[in-house]
file target_5.csv (CSV, C-alpha atoms)
chain,number,residue,atom,x,y,z
A,27,MET,CA,-16.6,-6.4,6.8
A,28,LYS,CA,-15.7,-7.8,3.4
A,29,HIS,CA,-18.9,-6.4,1.9
A,30,LEU,CA,-18.1,-3.0,3.3
A,31,LEU,CA,-14.6,-3.0,1.9
A,32,THR,CA,-15.8,-4.2,-1.5
A,33,THR,CA,-18.3,-1.5,-1.5
A,34,LEU,CA,-15.7,1.1,-0.5
A,35,LEU,CA,-13.2,0.0,-3.2
A,36,THR,CA,-15.9,-0.2,-5.9
A,37,SER,CA,-17.1,3.3,-5.0
A,38,LEU,CA,-13.5,4.6,-5.2
A,39,ILE,CA,-13.0,3.0,-8.6
A,40,LEU,CA,-16.3,4.5,-9.9
A,41,ILE,CA,-15.5,7.9,-8.5
A,42,GLY,CA,-12.1,7.8,-10.1
A,43,ALA,CA,-13.5,6.7,-13.4
A,44,ALA,CA,-16.1,9.4,-13.4
A,45,PHE,CA,-13.5,12.0,-12.6
A,46,GLY,CA,-11.3,10.8,-15.4
A,47,SER,CA,-13.8,10.5,-18.2
A,48,GLY,CA,-15.6,13.8,-17.6
A,49,LYS,CA,-14.9,17.1,-19.3
A,50,HIS,CA,-12.9,19.6,-17.3
A,51,ALA,CA,-11.5,23.0,-17.5
A,52,PRO,CA,-8.0,23.2,-19.1
A,53,GLU,CA,-5.1,23.4,-16.6
A,54,ILE,CA,-3.6,26.2,-18.7
A,55,THR,CA,-5.2,28.4,-21.4
A,56,ASP,CA,-3.8,28.6,-24.9
A,57,SER,CA,-2.8,32.2,-24.4
A,58,ALA,CA,-1.0,31.4,-21.2
A,59,ARG,CA,0.8,28.6,-23.0
A,60,GLN,CA,1.7,31.0,-25.8
A,61,GLN,CA,3.2,33.5,-23.2
A,62,ALA,CA,5.1,30.6,-21.6
A,63,ALA,CA,6.4,29.6,-25.0
A,64,ILE,CA,7.6,33.1,-25.8
A,65,GLN,CA,9.3,33.3,-22.5
A,66,GLN,CA,11.0,29.9,-22.9
A,67,LEU,CA,12.1,30.4,-26.5
A,68,ASN,CA,13.5,33.8,-25.4
A,69,GLY,CA,13.9,35.0,-29.0
A,70,SER,CA,15.9,32.0,-30.1
A,71,SER,CA,15.3,31.0,-33.7
A,72,ASN,CA,17.1,27.6,-33.3
A,73,GLN,CA,14.5,26.2,-31.0
A,74,ILE,CA,10.8,25.4,-31.2
A,75,ALA,CA,8.3,24.9,-28.4
A,76,VAL,CA,6.0,21.9,-29.1
A,77,TYR,CA,2.7,21.5,-27.2
A,78,VAL,CA,2.6,17.8,-26.3
A,79,LYS,CA,-0.9,17.2,-25.1
A,80,GLY,CA,-0.9,14.8,-22.1
A,81,ALA,CA,2.8,15.2,-21.2
A,82,ILE,CA,2.2,16.1,-17.7
A,83,CYS,CA,5.1,14.4,-15.9
A,84,SER,CA,8.8,14.5,-16.4
A,85,SER,CA,8.8,10.8,-17.0
A,86,CYS,CA,6.5,11.5,-20.0
A,87,ALA,CA,9.4,13.3,-21.6
A,88,ILE,CA,11.4,10.0,-21.8
A,89,GLY,CA,9.6,8.6,-24.8
A,90,VAL,CA,9.2,12.0,-26.4
A,91,ARG,CA,12.9,12.5,-26.1
A,92,LYS,CA,13.7,9.1,-27.5
A,93,LYS,CA,11.6,9.6,-30.6
A,94,ILE,CA,12.2,13.3,-31.3
A,95,SER,CA,15.9,13.2,-30.7
A,96,LYS,CA,16.3,10.8,-33.7
A,97,LEU,CA,14.9,13.4,-36.1
A,98,ASP,CA,17.5,14.8,-38.5
A,99,PHE,CA,16.7,18.5,-37.8
A,100,VAL,CA,17.1,18.2,-34.0
A,101,ASP,CA,20.3,19.7,-32.5
A,102,ARG,CA,21.2,17.1,-29.8
A,103,THR,CA,23.8,19.3,-28.3
A,104,GLN,CA,21.1,21.6,-26.9
A,105,PHE,CA,19.3,20.7,-23.6
A,106,LYS,CA,19.2,16.9,-22.9
A,107,LYS,CA,19.6,15.2,-26.3
A,108,GLY,CA,17.9,18.2,-27.9
A,109,ILE,CA,14.8,18.2,-25.6
A,110,SER,CA,13.6,20.0,-22.5
A,111,MET,CA,10.2,19.7,-21.0
A,112,ASP,CA,7.9,21.8,-18.8
A,113,ALA,CA,5.2,19.6,-17.4
A,114,LYS,CA,3.1,22.5,-16.1
A,115,THR,CA,2.6,23.9,-19.6
A,116,GLN,CA,3.2,20.6,-21.5
A,117,LEU,CA,5.6,22.5,-23.7
A,118,ILE,CA,8.6,20.6,-25.0
A,119,LEU,CA,11.5,22.8,-26.2
A,120,VAL,CA,13.3,21.2,-29.2
A,121,GLY,CA,16.7,22.4,-30.3
A,122,VAL,CA,16.9,22.9,-34.1
A,123,LYS,CA,20.1,22.7,-36.1
A,124,THR,CA,21.2,25.9,-37.7
A,125,GLY,CA,20.1,26.0,-41.3
A,126,SER,CA,17.5,23.2,-40.7
A,127,ALA,CA,13.7,23.6,-40.6
A,128,PRO,CA,11.5,21.5,-38.3
A,129,ASP,CA,9.2,19.1,-40.1
A,130,PRO,CA,5.7,19.2,-38.6
A,131,ALA,CA,4.7,15.8,-40.0
A,132,LEU,CA,7.8,14.1,-38.4
A,133,ILE,CA,7.1,15.9,-35.1
A,134,LYS,CA,3.6,14.6,-35.1
A,135,LYS,CA,4.6,11.1,-35.8
A,136,ALA,CA,7.4,11.1,-33.3
A,137,VAL,CA,5.1,12.4,-30.5
A,138,ALA,CA,2.4,9.9,-31.5
A,139,ASP,CA,5.0,7.1,-31.4
A,140,ALA,CA,5.9,8.2,-27.9
A,141,GLY,CA,2.2,7.9,-26.8
A,142,TYR,CA,1.1,11.6,-27.0
A,143,GLU,CA,-0.4,14.2,-29.3
A,144,ALA,CA,1.2,17.3,-30.7
A,145,PRO,CA,-1.6,19.8,-31.9
A,146,TYR,CA,0.7,22.8,-32.5
A,147,TYR,CA,4.1,24.3,-31.9
A,148,PHE,CA,5.6,27.8,-31.6
A,149,GLU,CA,8.5,29.1,-33.6
A,150,ILE,CA,10.3,32.4,-33.5
A,151,ILE,CA,10.3,34.0,-37.0
A,152,LYS,CA,11.7,37.5,-37.5
A,153,GLY,CA,11.5,38.0,-33.7
A,154,LYS,CA,7.9,37.0,-33.4
A,155,ALA,CA,6.5,33.9,-31.9
A,156,ILE,CA,4.4,32.2,-34.5
A,157,ARG,CA,2.0,29.4,-33.6
A,158,LYS,CA,1.9,26.6,-36.2
A,159,THR,CA,-0.8,24.0,-36.3
A,160,ILE,CA,0.3,20.5,-36.9
A,161,LYS,CA,-2.1,18.7,-39.3
B,14,MET,CA,-3.0,-33.0,11.9
B,15,LYS,CA,-5.8,-32.8,9.4
B,16,SER,CA,-5.0,-29.3,8.2
B,17,LEU,CA,-1.4,-29.9,7.2
B,18,PRO,CA,-1.9,-31.2,3.7
B,19,VAL,CA,-4.2,-28.2,3.0
B,20,LEU,CA,-1.5,-25.9,4.3
B,21,GLY,CA,1.0,-27.3,1.9
B,22,GLY,CA,-1.1,-26.4,-1.1
B,23,VAL,CA,-1.9,-22.8,-0.3
B,24,LEU,CA,1.5,-21.2,0.1
B,25,MET,CA,1.6,-17.8,-1.5
B,26,SER,CA,-2.2,-17.6,-1.7
B,27,LEU,CA,-1.9,-13.8,-1.9
B,28,SER,CA,0.2,-13.9,-5.0
B,29,GLY,CA,-2.8,-13.1,-7.2
B,30,THR,CA,-3.2,-9.7,-5.5
B,31,LEU,CA,0.1,-8.5,-6.8
B,32,LEU,CA,-0.1,-10.0,-10.2
B,33,ALA,CA,-2.0,-6.9,-11.6
B,34,ASP,CA,1.2,-4.9,-11.2
B,35,GLN,CA,3.1,-4.7,-14.4
B,36,PRO,CA,6.7,-3.8,-15.3
B,37,ILE,CA,8.3,-1.2,-15.5
B,38,MET,CA,7.0,0.3,-12.2
B,39,ASN,CA,3.5,0.0,-13.6
B,40,MET,CA,4.2,2.9,-16.0
B,41,MET,CA,6.7,2.2,-18.8
B,42,PRO,CA,7.5,2.0,-21.6
B,43,ARG,CA,4.6,3.9,-23.3
B,44,TRP,CA,6.5,4.4,-26.6
B,45,ASP,CA,6.5,2.2,-29.6
B,46,HIS,CA,9.0,-0.6,-29.6
B,47,GLY,CA,10.1,0.2,-26.1
B,48,TRP,CA,11.3,-2.5,-23.8
B,49,GLY,CA,12.6,-2.9,-20.3
B,50,ILE,CA,13.7,-5.3,-17.5
B,51,GLN,CA,13.1,-5.0,-13.8
B,52,LEU,CA,14.6,-6.8,-10.9
B,53,ARG,CA,12.6,-6.7,-7.7
B,54,TYR,CA,13.5,-8.0,-4.3
B,55,GLU,CA,10.5,-8.8,-2.0
B,56,ASN,CA,10.6,-9.7,1.6
B,57,LYS,CA,7.3,-11.1,2.9
B,58,TYR,CA,6.7,-11.9,6.5
B,59,ASP,CA,3.5,-13.6,7.8
B,60,SER,CA,3.5,-13.2,11.6
B,61,ASP,CA,0.7,-15.6,12.4
B,62,LEU,CA,-0.9,-18.9,11.5
B,63,LEU,CA,-4.6,-18.2,11.0
B,64,GLN,CA,-7.8,-20.2,10.9
B,65,GLY,CA,-10.3,-17.6,9.9
B,66,ASP,CA,-9.0,-14.6,11.9
B,67,THR,CA,-8.0,-16.8,14.9
B,68,VAL,CA,-4.3,-17.1,15.6
B,69,ILE,CA,-3.2,-20.7,15.9
B,70,GLY,CA,-0.2,-21.2,18.1
B,71,ASP,CA,3.0,-19.3,17.6
B,72,HIS,CA,4.0,-19.7,14.0
B,73,PHE,CA,5.3,-17.6,11.1
B,74,GLU,CA,6.3,-17.7,7.5
B,75,ARG,CA,8.9,-15.6,5.7
B,76,GLN,CA,9.8,-15.5,2.1
B,77,GLU,CA,12.6,-13.7,0.2
B,78,ILE,CA,11.7,-13.6,-3.5
B,79,LEU,CA,13.6,-12.2,-6.5
B,80,HIS,CA,11.3,-11.2,-9.3
B,81,LEU,CA,12.8,-10.9,-12.8
B,82,GLU,CA,10.3,-9.0,-15.0
B,83,GLY,CA,10.3,-7.9,-18.6
B,84,VAL,CA,8.2,-5.9,-21.0
B,85,TYR,CA,8.0,-5.1,-24.7
B,86,THR,CA,5.7,-2.5,-26.1
B,87,TRP,CA,4.7,-2.8,-29.8
B,88,ASP,CA,2.9,0.4,-29.8
B,89,ARG,CA,1.3,2.3,-26.9
B,90,ALA,CA,-1.8,0.1,-27.1
B,91,VAL,CA,-0.2,-3.3,-26.8
B,92,ARG,CA,2.5,-4.7,-24.6
B,93,LEU,CA,3.7,-8.1,-23.5
B,94,THR,CA,5.0,-8.7,-20.0
B,95,ILE,CA,6.6,-11.7,-18.3
B,96,LYS,CA,7.2,-12.1,-14.6
B,97,ILE,CA,9.5,-14.8,-13.2
B,98,PRO,CA,9.6,-15.1,-9.4
B,99,TYR,CA,12.4,-17.0,-7.8
B,100,VAL,CA,12.1,-17.9,-4.1
B,101,VAL,CA,15.6,-17.3,-2.7
B,102,ASP,CA,14.6,-18.6,0.8
B,103,ALA,CA,11.3,-19.5,2.3
B,104,GLU,CA,10.8,-20.7,5.8
B,105,ARG,CA,7.7,-21.5,7.9
B,106,THR,CA,6.7,-23.1,11.1
B,107,LEU,CA,3.6,-25.3,11.7
B,108,PRO,CA,2.1,-27.4,14.4
B,109,ASP,CA,3.6,-30.9,14.0
B,110,GLY,CA,0.4,-32.7,15.2
B,111,SER,CA,2.0,-33.9,18.4
B,112,GLY,CA,2.3,-30.6,20.3
B,113,GLY,CA,5.6,-29.5,18.8
B,114,THR,CA,6.6,-27.3,15.9
B,115,LEU,CA,7.5,-28.4,12.4
B,116,ARG,CA,10.0,-26.1,10.6
B,117,GLN,CA,10.2,-26.2,6.8
B,118,ARG,CA,12.4,-24.4,4.3
B,119,ASN,CA,12.5,-24.3,0.6
B,120,SER,CA,13.8,-22.3,-2.3
B,121,GLY,CA,13.4,-22.4,-6.1
B,122,LEU,CA,11.3,-21.2,-9.0
B,123,ASP,CA,7.7,-20.0,-8.4
B,124,ASP,CA,5.1,-19.9,-11.2
B,125,PRO,CA,5.9,-17.4,-14.0
B,126,THR,CA,3.2,-15.1,-15.3
B,127,ILE,CA,2.7,-13.9,-18.9
B,128,ALA,CA,0.3,-11.0,-19.7
B,129,LEU,CA,-0.8,-9.3,-22.8
B,130,VAL,CA,-1.6,-5.7,-21.8
B,131,PHE,CA,-4.0,-3.6,-23.8
B,132,LYS,CA,-4.0,0.1,-23.1
B,133,ASP,CA,-6.3,2.8,-24.4
B,134,TYR,CA,-4.5,6.1,-23.6
B,135,PHE,CA,-6.2,9.5,-23.5
B,136,ASN,CA,-4.4,12.8,-23.6
B,137,LEU,CA,-6.2,15.8,-22.2
B,138,ASP,CA,-5.2,19.3,-21.5
B,139,GLY,CA,-3.3,18.9,-18.2
B,140,ARG,CA,-4.2,15.3,-17.7
B,141,SER,CA,-3.2,11.9,-19.2
B,142,GLY,CA,-4.3,8.4,-18.4
B,143,ASN,CA,-5.4,5.1,-19.7
B,144,TRP,CA,-7.8,2.2,-19.5
B,145,THR,CA,-6.2,-1.2,-19.2
B,146,LEU,CA,-7.3,-4.7,-20.0
B,147,ALA,CA,-4.8,-7.5,-19.3
B,148,PRO,CA,-5.5,-11.2,-19.9
B,149,GLN,CA,-2.8,-13.2,-18.1
B,150,VAL,CA,-1.7,-16.8,-17.8
B,151,ARG,CA,0.2,-18.3,-14.9
B,152,LEU,CA,2.4,-21.3,-15.8
B,153,PRO,CA,2.7,-24.2,-13.5
B,154,LEU,CA,6.5,-24.3,-13.6
B,155,GLY,CA,7.1,-23.6,-9.9
B,156,LYS,CA,8.8,-26.0,-7.6
B,157,THR,CA,6.4,-28.4,-5.9
B,158,GLY,CA,6.7,-31.5,-3.7
B,159,GLY,CA,8.4,-32.1,-0.4
B,160,GLY,CA,5.5,-30.8,1.7
B,161,TYR,CA,6.3,-27.1,1.0
B,162,ASP,CA,5.1,-26.1,-2.5
B,163,LEU,CA,6.4,-22.9,-4.1
B,164,GLY,CA,4.3,-23.1,-7.2
B,165,ASP,CA,0.5,-23.7,-7.4
B,166,ASP,CA,0.9,-26.9,-9.6
B,167,THR,CA,-1.9,-25.8,-11.8
B,168,TRP,CA,-2.5,-23.4,-14.7
B,169,GLY,CA,-4.0,-20.1,-13.8
B,170,ILE,CA,-6.0,-17.8,-16.1
B,171,GLY,CA,-6.4,-14.2,-15.1
B,172,LEU,CA,-8.0,-11.0,-16.3
B,173,SER,CA,-7.5,-7.6,-14.9
B,174,GLY,CA,-8.8,-4.2,-15.8
B,175,GLY,CA,-7.7,-0.8,-14.6
B,176,TYR,CA,-7.9,2.9,-14.9
B,177,GLU,CA,-5.1,5.4,-14.4
B,178,MET,CA,-5.1,9.2,-14.4
B,179,GLU,CA,-2.2,11.6,-13.8
B,180,THR,CA,-1.8,15.4,-13.7
B,181,ALA,CA,1.4,17.3,-13.2
B,182,ARG,CA,0.8,17.0,-9.4
B,183,TRP,CA,-1.5,14.0,-8.8
B,184,PHE,CA,-1.8,10.3,-9.7
B,185,PHE,CA,-4.8,8.0,-9.3
B,186,ALA,CA,-5.2,4.4,-10.3
B,187,ALA,CA,-7.8,1.8,-9.7
B,188,GLY,CA,-8.0,-1.8,-10.8
B,189,ILE,CA,-9.9,-5.0,-10.5
B,190,GLY,CA,-8.8,-8.5,-11.4
B,191,THR,CA,-9.7,-12.1,-11.2
B,192,TRP,CA,-7.8,-15.4,-11.3
B,193,TYR,CA,-9.2,-18.8,-12.1
B,194,TYR,CA,-7.1,-22.0,-11.6
B,195,LEU,CA,-7.8,-25.2,-13.6
B,196,ASP,CA,-7.3,-27.3,-10.5
B,197,GLU,CA,-9.2,-25.4,-7.8
B,198,ASP,CA,-8.1,-28.0,-5.2
B,199,GLU,CA,-4.6,-26.5,-5.6
B,200,GLU,CA,-5.5,-22.9,-5.7
B,201,PRO,CA,-9.0,-21.3,-5.3
B,202,ALA,CA,-10.3,-18.7,-7.7
B,203,SER,CA,-9.9,-15.1,-6.5
B,204,ILE,CA,-11.0,-11.6,-7.2
B,205,GLY,CA,-9.1,-8.5,-6.2
B,206,ALA,CA,-9.2,-4.7,-6.3
B,207,SER,CA,-6.7,-2.0,-5.9
B,208,VAL,CA,-6.7,1.8,-5.4
B,209,ASP,CA,-3.5,3.8,-5.6
B,210,LEU,CA,-3.2,7.5,-4.8
B,211,GLY,CA,0.0,9.4,-5.6
B,212,MET,CA,1.7,12.8,-5.6
B,213,ASN,CA,4.5,13.8,-7.9
B,214,PHE,CA,7.5,15.7,-6.5
B,215,ALA,CA,10.9,17.1,-7.3
B,216,ASP,CA,10.4,16.6,-11.0
B,217,ARG,CA,11.4,12.9,-10.8
B,218,GLY,CA,9.7,11.4,-7.8
B,219,GLN,CA,6.3,10.1,-6.9
B,220,ILE,CA,5.0,9.1,-3.5
B,221,LEU,CA,2.0,6.8,-3.3
B,222,TRP,CA,-0.4,5.2,-0.9
B,223,GLU,CA,-1.5,1.8,-2.3
B,224,THR,CA,-4.4,-0.4,-1.2
B,225,ASP,CA,-5.0,-3.9,-2.3
B,226,PHE,CA,-8.0,-6.1,-1.5
B,227,ASN,CA,-8.1,-9.8,-2.4
B,228,TYR,CA,-10.9,-12.3,-1.9
B,229,GLU,CA,-10.6,-16.1,-2.6
B,230,LYS,CA,-13.4,-18.6,-3.2
B,231,ASP,CA,-12.6,-20.3,0.1
B,232,ASP,CA,-13.5,-17.0,1.9
B,233,THR,CA,-9.9,-16.1,2.5
B,234,HIS,CA,-9.5,-12.3,2.2
B,235,GLN,CA,-6.9,-9.7,2.9
B,236,LEU,CA,-6.7,-5.9,2.8
B,237,GLU,CA,-3.1,-4.7,2.4
B,238,ALA,CA,-2.1,-1.1,2.3
B,239,GLY,CA,1.0,1.0,2.6
B,240,PRO,CA,3.3,3.6,1.1
B,241,ALA,CA,5.4,3.4,-2.0
B,242,LEU,CA,8.1,5.6,-3.4
B,243,TYR,CA,9.1,5.9,-7.1
B,244,TRP,CA,12.3,7.7,-8.2
B,245,ARG,CA,13.7,8.2,-11.7
B,246,PHE,CA,17.5,8.4,-11.6
B,247,THR,CA,17.8,8.8,-15.4
B,248,ASP,CA,15.6,8.2,-18.4
B,249,THR,CA,16.9,4.6,-18.3
B,250,VAL,CA,17.2,3.8,-14.6
B,251,HIS,CA,14.1,3.8,-12.3
B,252,CYS,CA,13.5,2.5,-8.8
B,253,ARG,CA,10.6,1.8,-6.6
B,254,VAL,CA,10.4,0.9,-2.9
B,255,GLU,CA,7.1,-0.1,-1.2
B,256,TRP,CA,5.9,-1.5,2.1
B,257,LYS,CA,2.5,-3.1,2.6
B,258,HIS,CA,0.8,-4.2,5.8
B,259,SER,CA,-2.2,-6.5,6.2
B,260,PHE,CA,-4.9,-4.5,8.0
B,261,ILE,CA,-7.3,-7.4,7.5
B,262,SER,CA,-6.2,-11.0,7.2
B,263,TYR,CA,-8.7,-13.8,7.2
B,264,GLN,CA,-7.8,-17.4,6.1
B,265,GLY,CA,-10.7,-19.6,4.9
B,266,GLU,CA,-8.4,-22.6,5.4
B,267,LEU,CA,-5.5,-22.9,7.8
B,268,ASP,CA,-2.7,-20.7,6.5
B,269,HIS,CA,-0.2,-18.0,7.5
B,270,GLY,CA,-1.4,-14.4,7.4
B,271,ASN,CA,-1.0,-10.9,9.0
B,272,THR,CA,1.5,-10.0,6.4
B,273,ASP,CA,4.2,-7.3,6.1
B,274,ARG,CA,5.7,-7.0,2.7
B,275,ILE,CA,8.7,-4.9,1.7
B,276,SER,CA,9.7,-4.6,-2.0
B,277,VAL,CA,12.6,-2.9,-3.6
B,278,GLY,CA,12.9,-2.8,-7.4
B,279,ILE,CA,15.2,-1.3,-10.0
B,280,GLY,CA,14.1,-1.1,-13.6
B,281,PHE,CA,15.9,-0.3,-16.8
B,282,VAL,CA,13.9,0.9,-19.8
B,283,PHE,CA,15.0,1.4,-23.4

call {"tool": "encode", "arguments": {"input": "target_5.csv", "output": "structure tokens"}}
result
Amino acid sequence: MKHLLTTLLTSLILIGAAFGSGKHAPEITDSARQQAAIQQLNGSSNQIAVYVKGAICSSCAIGVRKKISKLDFVDRTQFKKGISMDAKTQLILVGVKTGSAPDPALIKKAVADAGYEAPYYFEIIKGKAIRKTIK
Amino acid sequence: MKSLPVLGGVLMSLSGTLLADQPIMNMMPRWDHGWGIQLRYENKYDSDLLQGDTVIGDHFERQEILHLEGVYTWDRAVRLTIKIPYVVDAERTLPDGSGGTLRQRNSGLDDPTIALVFKDYFNLDGRSGNWTLAPQVRLPLGKTGGGYDLGDDTWGIGLSGGYEMETARWFFAAGIGTWYYLDEDEEPASIGASVDLGMNFADRGQILWETDFNYEKDDTHQLEAGPALYWRFTDTVHCRVEWKHSFISYQGELDHGNTDRISVGIGFVF
């Protein structure tokens, strides 16, 4: 019996590992994410929508909120301490203080410190959603 | 009764199985310089005294344990955890060697565990997860003597590895681990494996089915499984409730088994 159980558990572990390490189709396309960002930003020029790769659960937002909310340009009166997250699109809306501009380098570092990656964000400029790559 | 001295030394022989779990709730903090504390109440009830899988007489053991656990994350790749179990009340019955029943009680500190947890996170489109490697040491600070030991009275060295993967909807984790004790007469070496499957719900909850298998060098082995519920009250306050039942319980040496284990924990993360 113990050999059977050991084999079963080992198989499950290997299946899980194989499932986790392989390539897979994205859960949401870039264009669908862009549409979601446009909808969520709703024309607001004092918010940005940051794509936080890997932020797939609401608990993931905890660390991101802790790190991003400390940035000077973040308007903490918006959302919850300036941050709102949609796990399905992995978009994090960040409130931006009037007259301030988001700093991509600081966003990148804050998200990395929270344990994730931020490849790009969306911003409304002159009524249009502009995608900005974070280098 | 020849077996009684042996029995005294193997109390909590399943503790190694659970030592792979780490605060806070096995998941936080992932961010740099994050820290947390967790208080967990565990009620463990062994309904039988076993020799192999044969029930000996009508005996039981129950333990109420408070676990104080802490974690500090330097960066997402490295964290230090400490787990301090305190046995609030433990009671067991045994054959007294003359046809009667010996009843024993005890309370006090159990052996603390310190772990250095290394995590290699990966962030994919729609998925996130990590590989974990955790060397651990178990300190022989638990209460011993008086015929009913709480601690193992020997240093333990452990190594566990794991893999976790989560999507917006699903969670999967698998792990293996081993413990070696400097004095194997006090506690035999063990290996263990675990598989957890979970589903996220209501934006702040997760329901899981967890399975643990543990095998000790003296041929003792257990398969425990059961449901768990995680709930996030706020960014700071988190709780977890779990119940595990022994579906297989085999004691290589005379000891209590056939376990039901209920655990309720609250964690605070900063």

call {"tool": "closest_residue", "arguments": {"input": "target_5.csv", "among": "B:Gly160, B:Gly49, B:Gly188, B:Gly83", "to": "chain A", "atoms": "all atoms listed in the file"}}
result
B:Gly188

call {"tool": "closest_residue", "arguments": {"input": "target_5.csv", "among": "B:Arg151, B:Leu115, B:Gly110, B:Trp44", "to": "Ile94 of chain A", "atoms": "only C-alpha atoms"}}
result
B:Trp44

call {"tool": "closest_residue", "arguments": {"input": "target_5.csv", "among": "B:Leu107, B:Ile78, B:Ala186, B:Asn227", "to": "Asn56 of chain B", "atoms": "all atoms listed in the file"}}
result
B:Ile78

call {"tool": "atom_distance", "arguments": {"input": "target_5.csv", "atom1": "atom CA of Gly47 of chain B", "atom2": "atom CA of Leu97 of chain A"}}
result
17.2 Å

call {"tool": "residues_around", "arguments": {"input": "target_5.csv", "residues": "Gly211 of chain B", "least_positions_apart": "3", "cutoff": "9 Å", "atoms": "all atoms listed in the file", "output": "PyMOL selection string"}}
result
chain B and resi 179+182-186+219-223+241

call {"tool": "residues_near_point", "arguments": {"input": "target_5.csv", "point": "(-9.5, -9.7, 2.6)", "cutoff": "7 Å", "atoms": "only C-alpha atoms", "output": "list in words"}}
result
Lys28 of chain A; Phe226, Asn227, Tyr228, Thr233, His234, Gln235, Leu236, Ile261, Ser262 and Tyr263 of chain B

call {"tool": "closest_atom_pairs", "arguments": {"input": "target_5.csv", "of": "chain B", "to": "chain A", "cutoff": "7 Å", "atoms": "only C-alpha atoms", "output": "tab-separated table"}}
result
residue	atom	partner	partner_atom	distance
B:Arg43	CA	A:Gly141	CA	5.8
B:Trp44	CA	A:Ala140	CA	4.1
B:Asp45	CA	A:Asp139	CA	5.4
B:Arg89	CA	A:Gly141	CA	5.7
B:Asn136	CA	A:Gly80	CA	4.3
B:Leu137	CA	A:Gly80	CA	5.4
B:Asp138	CA	A:Pro52	CA	5.4
B:Gly139	CA	A:Glu53	CA	5.1
B:Arg140	CA	A:Gly80	CA	5.5
B:Ser141	CA	A:Gly80	CA	4.7
B:Tyr176	CA	A:Ala43	CA	6.9
B:Met178	CA	A:Gly46	CA	6.5
B:Thr180	CA	A:Ile82	CA	5.7
B:Ala181	CA	A:Ile82	CA	4.7
B:Ala187	CA	A:Ile39	CA	5.4
B:Ala206	CA	A:Leu35	CA	6.9
B:Asp216	CA	A:Ser84	CA	6.0
B:Arg217	CA	A:Ser84	CA	6.4
B:Asp248	CA	A:Ile88	CA	5.7

call {"tool": "residues_near_point", "arguments": {"input": "target_5.csv", "point": "(4.1, -23.2, -16.2)", "cutoff": "12 Å", "atoms": "all atoms listed in the file", "output": "VMD selection string"}}
result
chain B and resid 95 to 98 122 to 127 150 to 157 164 to 170

call {"tool": "atom_distance", "arguments": {"input": "target_5.csv", "atom1": "atom CA of Glu266 of chain B", "atom2": "atom CA of Gly65 of chain B"}}
result
7.0 Å

call {"tool": "atom_distance", "arguments": {"input": "target_5.csv", "atom1": "atom CA of Asp66 of chain B", "atom2": "atom CA of Pro240 of chain B"}}
result
24.5 Å

call {"tool": "closest_residue", "arguments": {"input": "target_5.csv", "among": "B:Gly265, B:Ser207, B:Arg118, B:Glu55", "to": "Asp34 of chain B", "atoms": "all atoms listed in the file"}}
result
B:Ser207

call {"tool": "residues_around", "arguments": {"input": "target_5.csv", "residues": "segment 250-257 of chain B", "least_positions_apart": "5", "cutoff": "7 Å", "atoms": "only C-alpha atoms", "output": "VMD selection string"}}
result
chain B and resid 38 237 to 245 273 to 282

call {"tool": "write_last_selection", "arguments": {"input": "target_5.csv", "atoms": "C-alpha atoms", "output": "compact mmCIF listing (two decimals), in the frame of the given file"}}
result
# COMPACT_ATOMS: atom_id res chain seq x y z
CA MET B 38 7.00 0.30 -12.20
CA GLU B 237 -3.10 -4.70 2.40
CA ALA B 238 -2.10 -1.10 2.30
CA GLY B 239 1.00 1.00 2.60
CA PRO B 240 3.30 3.60 1.10
CA ALA B 241 5.40 3.40 -2.00
CA LEU B 242 8.10 5.60 -3.40
CA TYR B 243 9.10 5.90 -7.10
CA TRP B 244 12.30 7.70 -8.20
CA ARG B 245 13.70 8.20 -11.70
CA ASP B 273 4.20 -7.30 6.10
CA ARG B 274 5.70 -7.00 2.70
CA ILE B 275 8.70 -4.90 1.70
CA SER B 276 9.70 -4.60 -2.00
CA VAL B 277 12.60 -2.90 -3.60
CA GLY B 278 12.90 -2.80 -7.40
CA ILE B 279 15.20 -1.30 -10.00
CA GLY B 280 14.10 -1.10 -13.60
CA PHE B 281 15.90 -0.30 -16.80
CA VAL B 282 13.90 0.90 -19.80

call {"tool": "residues_around", "arguments": {"input": "target_5.csv", "residues": "Ser173 of chain B", "least_positions_apart": "4", "cutoff": "9 Å", "atoms": "all atoms listed in the file", "output": "ChimeraX atom specification"}}
result
/B:33,145-149,188-192,205

call {"tool": "decode", "arguments": {"input": "target_5.csv", "residues": "segment 56-71 of chain A", "atoms": "C-alpha atoms", "output": "mmCIF file, in the first residue's frame"}}
result
data_model
loop_
_atom_site.group_PDB
_atom_site.id
_atom_site.type_symbol
_atom_site.label_atom_id
_atom_site.label_comp_id
_atom_site.auth_asym_id
_atom_site.auth_seq_id
_atom_site.Cartn_x
_atom_site.Cartn_y
_atom_site.Cartn_z
ATOM 1 C CA ASP A 56 -2.799 41.926 -25.098
ATOM 2 C CA SER A 57 -5.579 43.480 -27.156
ATOM 3 C CA ALA A 58 -8.225 42.182 -24.730
ATOM 4 C CA ARG A 59 -6.207 43.593 -21.846
ATOM 5 C CA GLN A 60 -5.979 46.930 -23.655
ATOM 6 C CA GLN A 61 -9.757 46.974 -24.101
ATOM 7 C CA ALA A 62 -10.175 46.183 -20.409
ATOM 8 C CA ALA A 63 -7.775 48.996 -19.503
ATOM 9 C CA ILE A 64 -9.696 51.499 -21.645
ATOM 10 C CA GLN A 65 -12.921 50.429 -19.994
ATOM 11 C CA GLN A 66 -11.491 50.565 -16.466
ATOM 12 C CA LEU A 67 -9.756 53.907 -16.936
ATOM 13 C CA ASN A 68 -12.999 55.298 -18.390
ATOM 14 C CA GLY A 69 -11.293 58.380 -19.823
ATOM 15 C CA SER A 70 -9.700 59.357 -16.516
ATOM 16 C CA SER A 71 -6.381 61.134 -16.863
#
